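Have a look at the structure below before the remarks.
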Amino acid sequence: MTKIKLCGMSRPCDIRAANALLPDYIGFVFAPKSRRYVSPEKAAELKRILDPGIRAAGVFVDEKPQVIEALVSRGVIDAVQLHGREDEDYIQDLRRRLGNTRILQAFSIRSERDAKRAEESSADLILADSPGGGTGEVFDWGMLRKVARPYFLAGGLNPDNAGDAVNALAPYGVDVSSGIETDGQKDWKKMEKFVLAVRRADARRQGE
């Protein structure tokens, strides 16, 4: 089954919607320049009301490893998602600090060369995103056709194209943020439609 990650959670009502829909992951954005930024204190409050069966991923951009380590040790996040210029040395340092905590590394896909570079990452999972990330724009999925390892697909996904993405690529997971928003806030109905679209596509693929 395709893993589902609903990113950019920032309000208790977002968490309540996630609890009803039961995605595999939700995401807290800790990048201060993002409009979806939440403070560690706010994330901790939201995590306390999150269904324990849903993992919380922390999204970071070139953050100090010790900051990430503290959030993991406090139980605020269960996985780490890197969206900056983090290199292999950074990932190895983080792995030493975090033990078995899953590390995802995001890559902007502009060409097949970017896809190849993503494939070579030592992170536990990779995330293929549109250039710039968070733009709501879809990139050419054909550039992923040679990627052999599991990956999350992001970039311009929404309730209308999520099923197409699952059918076309069979990714390990799908990651959405702006595609489930209305006027910059998470929209419960769009969240529901997105999750249902992915699960229906999975059901059709299993029935083939």
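In the structure tokens, chains take letters A, B, ... by order of appearance, with residues numbered from 1 within each chain and ligands from 1 in the order shown.
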Using only C-alpha atoms, determine which residues lie at most 9 Å from Val80 in chain A, disregarding the query and same-chain residues fewer than 5 positions distant; provide the list as JSON, numbers by chain. {"A": [56, 57, 58, 59, 60, 68, 72, 101, 102, 103, 104, 105]}
Can you spit out the residues from that selection as a JSON list (two decimals), in the first residue's frame, using N, CA, C and O atoms?
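Output file selection37.json is given in full below:
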```
[["chain", "number", "residue", "atom", "x", "y", "z"],
["A", 56, "ALA", "N", 5.07, 11.27, 13.12],
["A", 56, "ALA", "CA", 5.29, 12.70, 12.86],
["A", 56, "ALA", "C", 6.70, 12.90, 12.31],
["A", 56, "ALA", "O", 7.68, 12.51, 12.96],
["A", 57, "ALA", "N", 6.78, 13.48, 11.14],
["A", 57, "ALA", "CA", 8.08, 13.79, 10.54],
["A", 57, "ALA", "C", 8.37, 15.28, 10.73],
["A", 57, "ALA", "O", 7.49, 16.12, 10.55],
["A", 58, "GLY", "N", 9.59, 15.58, 11.08],
["A", 58, "GLY", "CA", 10.02, 16.98, 11.18],
["A", 58, "GLY", "C", 10.73, 17.38, 9.91],
["A", 58, "GLY", "O", 11.64, 16.68, 9.46],
["A", 59, "VAL", "N", 10.32, 18.49, 9.32],
["A", 59, "VAL", "CA", 10.91, 18.98, 8.08],
["A", 59, "VAL", "C", 11.90, 20.10, 8.41],
["A", 59, "VAL", "O", 11.52, 21.09, 9.05],
["A", 60, "PHE", "N", 13.14, 19.94, 7.96],
["A", 60, "PHE", "CA", 14.21, 20.87, 8.32],
["A", 60, "PHE", "C", 14.97, 21.33, 7.07],
["A", 60, "PHE", "O", 15.06, 20.61, 6.08],
["A", 68, "ILE", "N", 17.79, 18.88, 15.90],
["A", 68, "ILE", "CA", 16.98, 17.74, 15.47],
["A", 68, "ILE", "C", 17.03, 16.63, 16.51],
["A", 68, "ILE", "O", 16.02, 16.03, 16.85],
["A", 72, "VAL", "N", 13.85, 14.74, 18.50],
["A", 72, "VAL", "CA", 13.64, 13.28, 18.47],
["A", 72, "VAL", "C", 13.65, 12.72, 19.89],
["A", 72, "VAL", "O", 12.78, 11.92, 20.27],
["A", 101, "THR", "N", 16.13, 6.15, 14.03],
["A", 101, "THR", "CA", 15.13, 7.10, 13.53],
["A", 101, "THR", "C", 15.28, 7.25, 12.01],
["A", 101, "THR", "O", 16.38, 7.47, 11.51],
["A", 102, "ARG", "N", 14.18, 7.13, 11.32],
["A", 102, "ARG", "CA", 14.22, 7.16, 9.85],
["A", 102, "ARG", "C", 14.54, 8.57, 9.33],
["A", 102, "ARG", "O", 13.97, 9.56, 9.78],
["A", 103, "ILE", "N", 15.45, 8.62, 8.35],
["A", 103, "ILE", "CA", 15.86, 9.88, 7.74],
["A", 103, "ILE", "C", 15.42, 9.90, 6.28],
["A", 103, "ILE", "O", 15.73, 8.98, 5.52],
["A", 104, "LEU", "N", 14.69, 10.94, 5.90],
["A", 104, "LEU", "CA", 14.29, 11.15, 4.51],
["A", 104, "LEU", "C", 15.06, 12.36, 3.97],
["A", 104, "LEU", "O", 15.23, 13.35, 4.68],
["A", 105, "GLN", "N", 15.50, 12.27, 2.74],
["A", 105, "GLN", "CA", 16.18, 13.41, 2.11],
["A", 105, "GLN", "C", 15.44, 13.79, 0.84],
["A", 105, "GLN", "O", 15.15, 12.95, -0.01]]
```
Mind checking DSSP for chain A and telling me the alpha helix (DSSP H) residues as a ChimeraX atom specification? /A:12-21,40-48,65-73,88-98,112-119,162-169,188-207
Backbone-only DSSP, strand (DSSP E) members of range 130-197 of chain A, as a PyMOL selection string: chain A and resi 151-153+173-176+181-182+185-186
As a list in words, please: the residues near Lys116 in chain A (cut-off 9 Å, only C-alpha atoms, same-chain neighbours under 3 positions excluded).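 Everything that qualifies: Ser111, Glu112, Arg113, Glu119, Glu120, Leu144, Lys146 and Val147 of chain A.
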Take the selection from the previous step and output its residues with C-alpha atoms, as a PDB file, in the first residue's frame.
```pdb
ATOM      1  CA  SER A 111      16.599  16.213 -14.765  1.00  0.00           C
ATOM      2  CA  GLU A 112      17.379  12.507 -14.729  1.00  0.00           C
ATOM      3  CA  ARG A 113      20.763  13.480 -13.298  1.00  0.00           C
ATOM      4  CA  GLU A 119      19.058   7.472  -5.755  1.00  0.00           C
ATOM      5  CA  GLU A 120      22.613   7.526  -4.398  1.00  0.00           C
ATOM      6  CA  LEU A 144      11.921   9.085 -12.189  1.00  0.00           C
ATOM      7  CA  LYS A 146      15.009   4.778 -13.807  1.00  0.00           C
ATOM      8  CA  VAL A 147      14.914   5.192 -10.027  1.00  0.00           C
TER       9      VAL A 147
END
```
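Excluding range 9-21 of chain A itself and any same-chain residue fewer than 4 positions from it, the protein and nucleic acid residues within 8 Å of it, counting only C-alpha atoms, are Ile26, Gly27, Phe28, Val29, Arg36, Tyr37, Val38, Lys42, Ala43, Leu46, Ile49, Leu50, Asp51, Ile54, Lys186, Trp188, Met191, Glu192 and Val195 of chain A.
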Restricted to all heavy atoms, what would the selected residues look like written as a compact mmCIF listing (two decimals), in the first residue's frame?
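Wrote it out as result-v1.txt, contents follow:
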```txt
# COMPACT_ATOMS: atom_id res chain seq x y z
N ILE A 26 2.36 12.47 9.29
CA ILE A 26 2.07 13.89 9.12
C ILE A 26 3.41 14.62 9.22
O ILE A 26 4.41 14.04 9.69
CB ILE A 26 1.05 14.43 10.15
CG1 ILE A 26 1.53 14.21 11.59
CG2 ILE A 26 -0.29 13.74 9.94
CD1 ILE A 26 2.22 15.38 12.21
N GLY A 27 3.43 15.87 8.79
CA GLY A 27 4.68 16.61 8.84
C GLY A 27 4.56 17.93 9.58
O GLY A 27 3.58 18.67 9.40
N PHE A 28 5.55 18.22 10.41
CA PHE A 28 5.70 19.52 11.05
C PHE A 28 6.87 20.23 10.37
O PHE A 28 7.97 19.67 10.28
CB PHE A 28 6.01 19.39 12.54
CG PHE A 28 4.92 18.77 13.35
CD1 PHE A 28 5.21 17.76 14.25
CD2 PHE A 28 3.61 19.21 13.24
CE1 PHE A 28 4.21 17.18 15.03
CE2 PHE A 28 2.59 18.64 14.01
CZ PHE A 28 2.89 17.62 14.90
N VAL A 29 6.66 21.45 9.92
CA VAL A 29 7.70 22.20 9.24
C VAL A 29 8.43 23.09 10.24
O VAL A 29 7.83 24.00 10.82
CB VAL A 29 7.13 23.05 8.08
CG1 VAL A 29 8.24 23.86 7.41
CG2 VAL A 29 6.43 22.14 7.06
N ARG A 36 4.39 27.70 6.79
CA ARG A 36 3.82 26.60 7.56
C ARG A 36 4.65 26.28 8.81
O ARG A 36 4.43 25.27 9.47
CB ARG A 36 3.71 25.35 6.68
CG ARG A 36 2.86 25.55 5.44
CD ARG A 36 2.74 24.27 4.62
NE ARG A 36 1.98 24.49 3.40
CZ ARG A 36 2.51 24.79 2.22
NH1 ARG A 36 3.83 24.90 2.10
NH2 ARG A 36 1.75 24.97 1.16
N TYR A 37 5.58 27.16 9.12
CA TYR A 37 6.47 26.93 10.27
C TYR A 37 5.67 26.77 11.56
O TYR A 37 4.72 27.51 11.83
CB TYR A 37 7.44 28.10 10.42
CG TYR A 37 8.22 28.09 11.72
CD1 TYR A 37 9.32 27.25 11.88
CD2 TYR A 37 7.83 28.90 12.79
CE1 TYR A 37 10.03 27.23 13.07
CE2 TYR A 37 8.53 28.88 13.98
CZ TYR A 37 9.63 28.04 14.12
OH TYR A 37 10.32 28.02 15.30
N VAL A 38 6.10 25.80 12.35
CA VAL A 38 5.60 25.67 13.72
C VAL A 38 6.79 25.62 14.66
O VAL A 38 7.85 25.08 14.31
CB VAL A 38 4.72 24.41 13.93
CG1 VAL A 38 3.42 24.54 13.16
CG2 VAL A 38 5.46 23.15 13.56
N LYS A 42 4.91 24.34 19.85
CA LYS A 42 3.62 24.11 19.22
C LYS A 42 3.54 22.68 18.67
O LYS A 42 2.51 22.00 18.81
CB LYS A 42 3.41 25.10 18.08
CG LYS A 42 2.06 24.97 17.38
CD LYS A 42 0.92 25.32 18.31
CE LYS A 42 -0.41 25.33 17.60
NZ LYS A 42 -1.53 25.65 18.51
N ALA A 43 4.64 22.23 18.06
CA ALA A 43 4.66 20.86 17.54
C ALA A 43 4.46 19.84 18.66
O ALA A 43 3.76 18.83 18.48
CB ALA A 43 5.97 20.60 16.80
N LEU A 46 0.82 19.65 19.49
CA LEU A 46 0.07 18.93 18.45
C LEU A 46 0.37 17.43 18.50
O LEU A 46 -0.53 16.61 18.29
CB LEU A 46 0.41 19.51 17.08
CG LEU A 46 0.00 20.96 16.84
CD1 LEU A 46 0.52 21.47 15.50
CD2 LEU A 46 -1.52 21.12 16.91
N ILE A 49 -1.75 15.22 20.78
CA ILE A 49 -3.11 14.83 20.40
C ILE A 49 -3.13 14.00 19.11
O ILE A 49 -4.20 13.62 18.64
CB ILE A 49 -4.03 16.06 20.25
CG1 ILE A 49 -3.54 17.00 19.15
CG2 ILE A 49 -4.17 16.79 21.57
CD1 ILE A 49 -4.51 18.15 18.87
N LEU A 50 -1.95 13.70 18.56
CA LEU A 50 -1.86 12.88 17.35
C LEU A 50 -2.07 11.41 17.68
O LEU A 50 -1.53 10.90 18.66
CB LEU A 50 -0.49 13.08 16.69
CG LEU A 50 -0.24 12.32 15.39
CD1 LEU A 50 -1.11 12.87 14.26
CD2 LEU A 50 1.25 12.41 15.00
N ASP A 51 -2.85 10.73 16.84
CA ASP A 51 -3.04 9.28 17.00
C ASP A 51 -1.66 8.60 17.05
O ASP A 51 -0.82 8.85 16.19
CB ASP A 51 -3.85 8.75 15.82
CG ASP A 51 -4.24 7.28 15.98
OD1 ASP A 51 -3.32 6.43 15.95
OD2 ASP A 51 -5.42 7.00 16.11
N ILE A 54 0.16 7.19 13.93
CA ILE A 54 0.65 8.07 12.86
C ILE A 54 2.01 8.61 13.26
O ILE A 54 2.17 9.14 14.36
CB ILE A 54 -0.33 9.24 12.62
CG1 ILE A 54 -1.74 8.73 12.32
CG2 ILE A 54 0.17 10.14 11.49
CD1 ILE A 54 -2.80 9.83 12.28
N LYS A 186 -5.05 24.11 5.92
CA LYS A 186 -5.46 22.75 5.60
C LYS A 186 -7.00 22.67 5.52
O LYS A 186 -7.70 23.24 6.35
CB LYS A 186 -4.93 21.78 6.65
CG LYS A 186 -3.41 21.61 6.60
CD LYS A 186 -2.97 20.97 5.30
CE LYS A 186 -1.47 20.81 5.21
NZ LYS A 186 -0.74 22.05 4.92
N TRP A 188 -10.13 20.11 5.45
CA TRP A 188 -10.48 18.74 5.83
C TRP A 188 -11.00 17.95 4.65
O TRP A 188 -10.65 16.79 4.45
CB TRP A 188 -11.51 18.75 6.96
CG TRP A 188 -11.69 17.42 7.61
CD1 TRP A 188 -11.05 16.97 8.73
CD2 TRP A 188 -12.53 16.35 7.17
NE1 TRP A 188 -11.45 15.68 9.02
CE2 TRP A 188 -12.36 15.28 8.08
CE3 TRP A 188 -13.41 16.18 6.10
CZ2 TRP A 188 -13.04 14.07 7.96
CZ3 TRP A 188 -14.08 14.97 5.96
CH2 TRP A 188 -13.90 13.95 6.89
N MET A 191 -8.22 17.02 2.30
CA MET A 191 -7.42 15.97 2.93
C MET A 191 -8.10 14.62 2.73
O MET A 191 -7.47 13.63 2.35
CB MET A 191 -7.22 16.27 4.42
CG MET A 191 -6.37 17.50 4.71
SD MET A 191 -6.44 18.02 6.45
CE MET A 191 -5.52 16.71 7.24
N GLU A 192 -9.41 14.59 2.99
CA GLU A 192 -10.17 13.34 2.85
C GLU A 192 -10.15 12.85 1.41
O GLU A 192 -9.93 11.65 1.15
CB GLU A 192 -11.60 13.56 3.31
CG GLU A 192 -12.47 12.32 3.23
CD GLU A 192 -13.89 12.59 3.66
OE1 GLU A 192 -14.43 13.67 3.31
OE2 GLU A 192 -14.47 11.71 4.33
N VAL A 195 -6.64 11.35 0.49
CA VAL A 195 -6.41 10.04 1.08
C VAL A 195 -7.26 8.97 0.37
O VAL A 195 -6.76 7.88 0.04
CB VAL A 195 -6.72 10.06 2.59
CG1 VAL A 195 -6.71 8.65 3.17
CG2 VAL A 195 -5.68 10.93 3.32
```
Residue neighbourhood Asp202 in chain A, 9 Å, only C-alpha atoms, exclusion window fewer than 4 positions, as a VMD selection string: chain A and resid 1 to 2 163 166 to 167 170 197 to 198 206 to 207
What does the distance between CA of Gly173 in chain A and CA of Asp114 in chain A come to in Å, to one decimal place? 18.9 Å
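Counting from CA of Val61 in chain A, the distance to CA of Glu86 in chain A is 8.1 Å.
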For Leu127 in chain A, work out the shell of residues within 8 Å, counting only C-alpha atoms and skipping chain neighbours fewer than 5 positions away, then give it as a PDB file with N, CA, C and O atoms, in the first residue's frame.
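As written to disk, around-v4.pdb reads:
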```
ATOM      1  N   LEU A 104      14.691  10.940   5.895  1.00  0.00           N
ATOM      2  CA  LEU A 104      14.290  11.153   4.510  1.00  0.00           C
ATOM      3  C   LEU A 104      15.061  12.357   3.968  1.00  0.00           C
ATOM      4  O   LEU A 104      15.232  13.346   4.679  1.00  0.00           O
ATOM      5  N   GLN A 105      15.503  12.274   2.739  1.00  0.00           N
ATOM      6  CA  GLN A 105      16.176  13.408   2.110  1.00  0.00           C
ATOM      7  C   GLN A 105      15.436  13.794   0.843  1.00  0.00           C
ATOM      8  O   GLN A 105      15.150  12.949  -0.014  1.00  0.00           O
ATOM      9  N   ALA A 106      15.092  15.072   0.749  1.00  0.00           N
ATOM     10  CA  ALA A 106      14.339  15.570  -0.401  1.00  0.00           C
ATOM     11  C   ALA A 106      15.277  16.084  -1.484  1.00  0.00           C
ATOM     12  O   ALA A 106      16.331  16.656  -1.191  1.00  0.00           O
ATOM     13  N   PHE A 107      14.877  15.885  -2.719  1.00  0.00           N
ATOM     14  CA  PHE A 107      15.648  16.348  -3.872  1.00  0.00           C
ATOM     15  C   PHE A 107      14.718  17.037  -4.863  1.00  0.00           C
ATOM     16  O   PHE A 107      13.639  16.529  -5.176  1.00  0.00           O
ATOM     17  N   TYR A 151      10.768   5.554  -3.048  1.00  0.00           N
ATOM     18  CA  TYR A 151      10.800   7.007  -2.859  1.00  0.00           C
ATOM     19  C   TYR A 151       9.399   7.547  -2.595  1.00  0.00           C
ATOM     20  O   TYR A 151       8.388   6.956  -2.976  1.00  0.00           O
ATOM     21  N   PHE A 152       9.376   8.682  -1.906  1.00  0.00           N
ATOM     22  CA  PHE A 152       8.159   9.461  -1.768  1.00  0.00           C
ATOM     23  C   PHE A 152       8.077  10.400  -2.956  1.00  0.00           C
ATOM     24  O   PHE A 152       9.081  10.995  -3.370  1.00  0.00           O
ATOM     25  N   LEU A 153       6.882  10.567  -3.487  1.00  0.00           N
ATOM     26  CA  LEU A 153       6.641  11.528  -4.554  1.00  0.00           C
ATOM     27  C   LEU A 153       5.941  12.739  -3.970  1.00  0.00           C
ATOM     28  O   LEU A 153       4.949  12.620  -3.252  1.00  0.00           O
ATOM     29  N   ALA A 154       6.469  13.925  -4.288  1.00  0.00           N
ATOM     30  CA  ALA A 154       5.867  15.181  -3.854  1.00  0.00           C
ATOM     31  C   ALA A 154       5.838  16.124  -5.055  1.00  0.00           C
ATOM     32  O   ALA A 154       6.236  15.776  -6.156  1.00  0.00           O
TER      33      ALA A 154
END
```
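Within 12 Å of Gly142 in chain A, once only C-alpha atoms are used and residues closer than 3 positions along the same chain are dropped, the contacting residues are Ile109, Arg110, Ser111, Glu112, Ala115, Ala128, Val138, Phe139, Arg145, Lys146, Val147, Ala165, Ala168 and Leu169 of chain A.
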Requested write-out: N, CA and C atoms of the selected residues, as a PDB file, in the first residue's frame:
```pdb
ATOM      1  N   ILE A 109      13.832  17.710  -8.479  1.00  0.00           N
ATOM      2  CA  ILE A 109      14.094  16.939  -9.694  1.00  0.00           C
ATOM      3  C   ILE A 109      13.906  17.816 -10.936  1.00  0.00           C
ATOM      4  N   ARG A 110      15.021  18.206 -11.513  1.00  0.00           N
ATOM      5  CA  ARG A 110      15.002  19.001 -12.744  1.00  0.00           C
ATOM      6  C   ARG A 110      15.410  18.173 -13.957  1.00  0.00           C
ATOM      7  N   SER A 111      16.084  17.052 -13.685  1.00  0.00           N
ATOM      8  CA  SER A 111      16.599  16.213 -14.765  1.00  0.00           C
ATOM      9  C   SER A 111      16.789  14.799 -14.239  1.00  0.00           C
ATOM     10  N   GLU A 112      17.094  13.876 -15.150  1.00  0.00           N
ATOM     11  CA  GLU A 112      17.379  12.507 -14.729  1.00  0.00           C
ATOM     12  C   GLU A 112      18.654  12.448 -13.903  1.00  0.00           C
ATOM     13  N   ALA A 115      17.625  12.856 -10.421  1.00  0.00           N
ATOM     14  CA  ALA A 115      17.033  11.608  -9.951  1.00  0.00           C
ATOM     15  C   ALA A 115      18.119  10.596  -9.596  1.00  0.00           C
ATOM     16  N   ALA A 128      11.195  12.810  -3.932  1.00  0.00           N
ATOM     17  CA  ALA A 128      11.345  13.508  -5.210  1.00  0.00           C
ATOM     18  C   ALA A 128      10.349  14.650  -5.266  1.00  0.00           C
ATOM     19  N   VAL A 138       3.714  20.513 -10.519  1.00  0.00           N
ATOM     20  CA  VAL A 138       4.070  19.133 -10.847  1.00  0.00           C
ATOM     21  C   VAL A 138       5.296  19.140 -11.770  1.00  0.00           C
ATOM     22  N   PHE A 139       6.265  18.258 -11.501  1.00  0.00           N
ATOM     23  CA  PHE A 139       7.404  18.120 -12.406  1.00  0.00           C
ATOM     24  C   PHE A 139       7.181  16.914 -13.309  1.00  0.00           C
ATOM     25  N   ARG A 145      11.744   7.451 -13.979  1.00  0.00           N
ATOM     26  CA  ARG A 145      11.495   6.094 -14.476  1.00  0.00           C
ATOM     27  C   ARG A 145      12.660   5.135 -14.230  1.00  0.00           C
ATOM     28  N   LYS A 146      13.869   5.663 -14.030  1.00  0.00           N
ATOM     29  CA  LYS A 146      15.009   4.778 -13.807  1.00  0.00           C
ATOM     30  C   LYS A 146      15.359   4.623 -12.318  1.00  0.00           C
ATOM     31  N   VAL A 147      14.624   5.282 -11.464  1.00  0.00           N
ATOM     32  CA  VAL A 147      14.914   5.192 -10.027  1.00  0.00           C
ATOM     33  C   VAL A 147      14.449   3.833  -9.505  1.00  0.00           C
ATOM     34  N   ALA A 165      -0.869   9.507 -10.021  1.00  0.00           N
ATOM     35  CA  ALA A 165       0.525   9.323  -9.607  1.00  0.00           C
ATOM     36  C   ALA A 165       0.775   7.899  -9.131  1.00  0.00           C
ATOM     37  N   ALA A 168       0.675   5.564 -12.178  1.00  0.00           N
ATOM     38  CA  ALA A 168       1.768   5.738 -13.133  1.00  0.00           C
ATOM     39  C   ALA A 168       3.115   5.296 -12.580  1.00  0.00           C
ATOM     40  N   LEU A 169       3.346   5.533 -11.281  1.00  0.00           N
ATOM     41  CA  LEU A 169       4.689   5.353 -10.730  1.00  0.00           C
ATOM     42  C   LEU A 169       4.781   4.291  -9.641  1.00  0.00           C
TER      43      LEU A 169
END
```
Would you compute the distance between CA of Arg74 in chain A and CA of Arg96 in chain A? Give it in Å to one decimal. 16.9 Å
Using only C-alpha atoms, the residue out of A:Asp78, A:Asp93, A:Asp140, A:Asp183 with shortest distance to Lys47 in chain A is A:Asp78
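Compared by their closest atoms to Val174 in chain A, and using only C-alpha atoms, the residues A:Pro23, A:Pro40, A:Leu71, A:Gly8 rank with A:Pro23 nearest.
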Taking only C-alpha atoms into account, which of A:Glu137, A:Val76, A:Arg200, A:Met143 comes nearest Ser177 in chain A?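 So, comparing all the options, the nearest one is A:Glu137.
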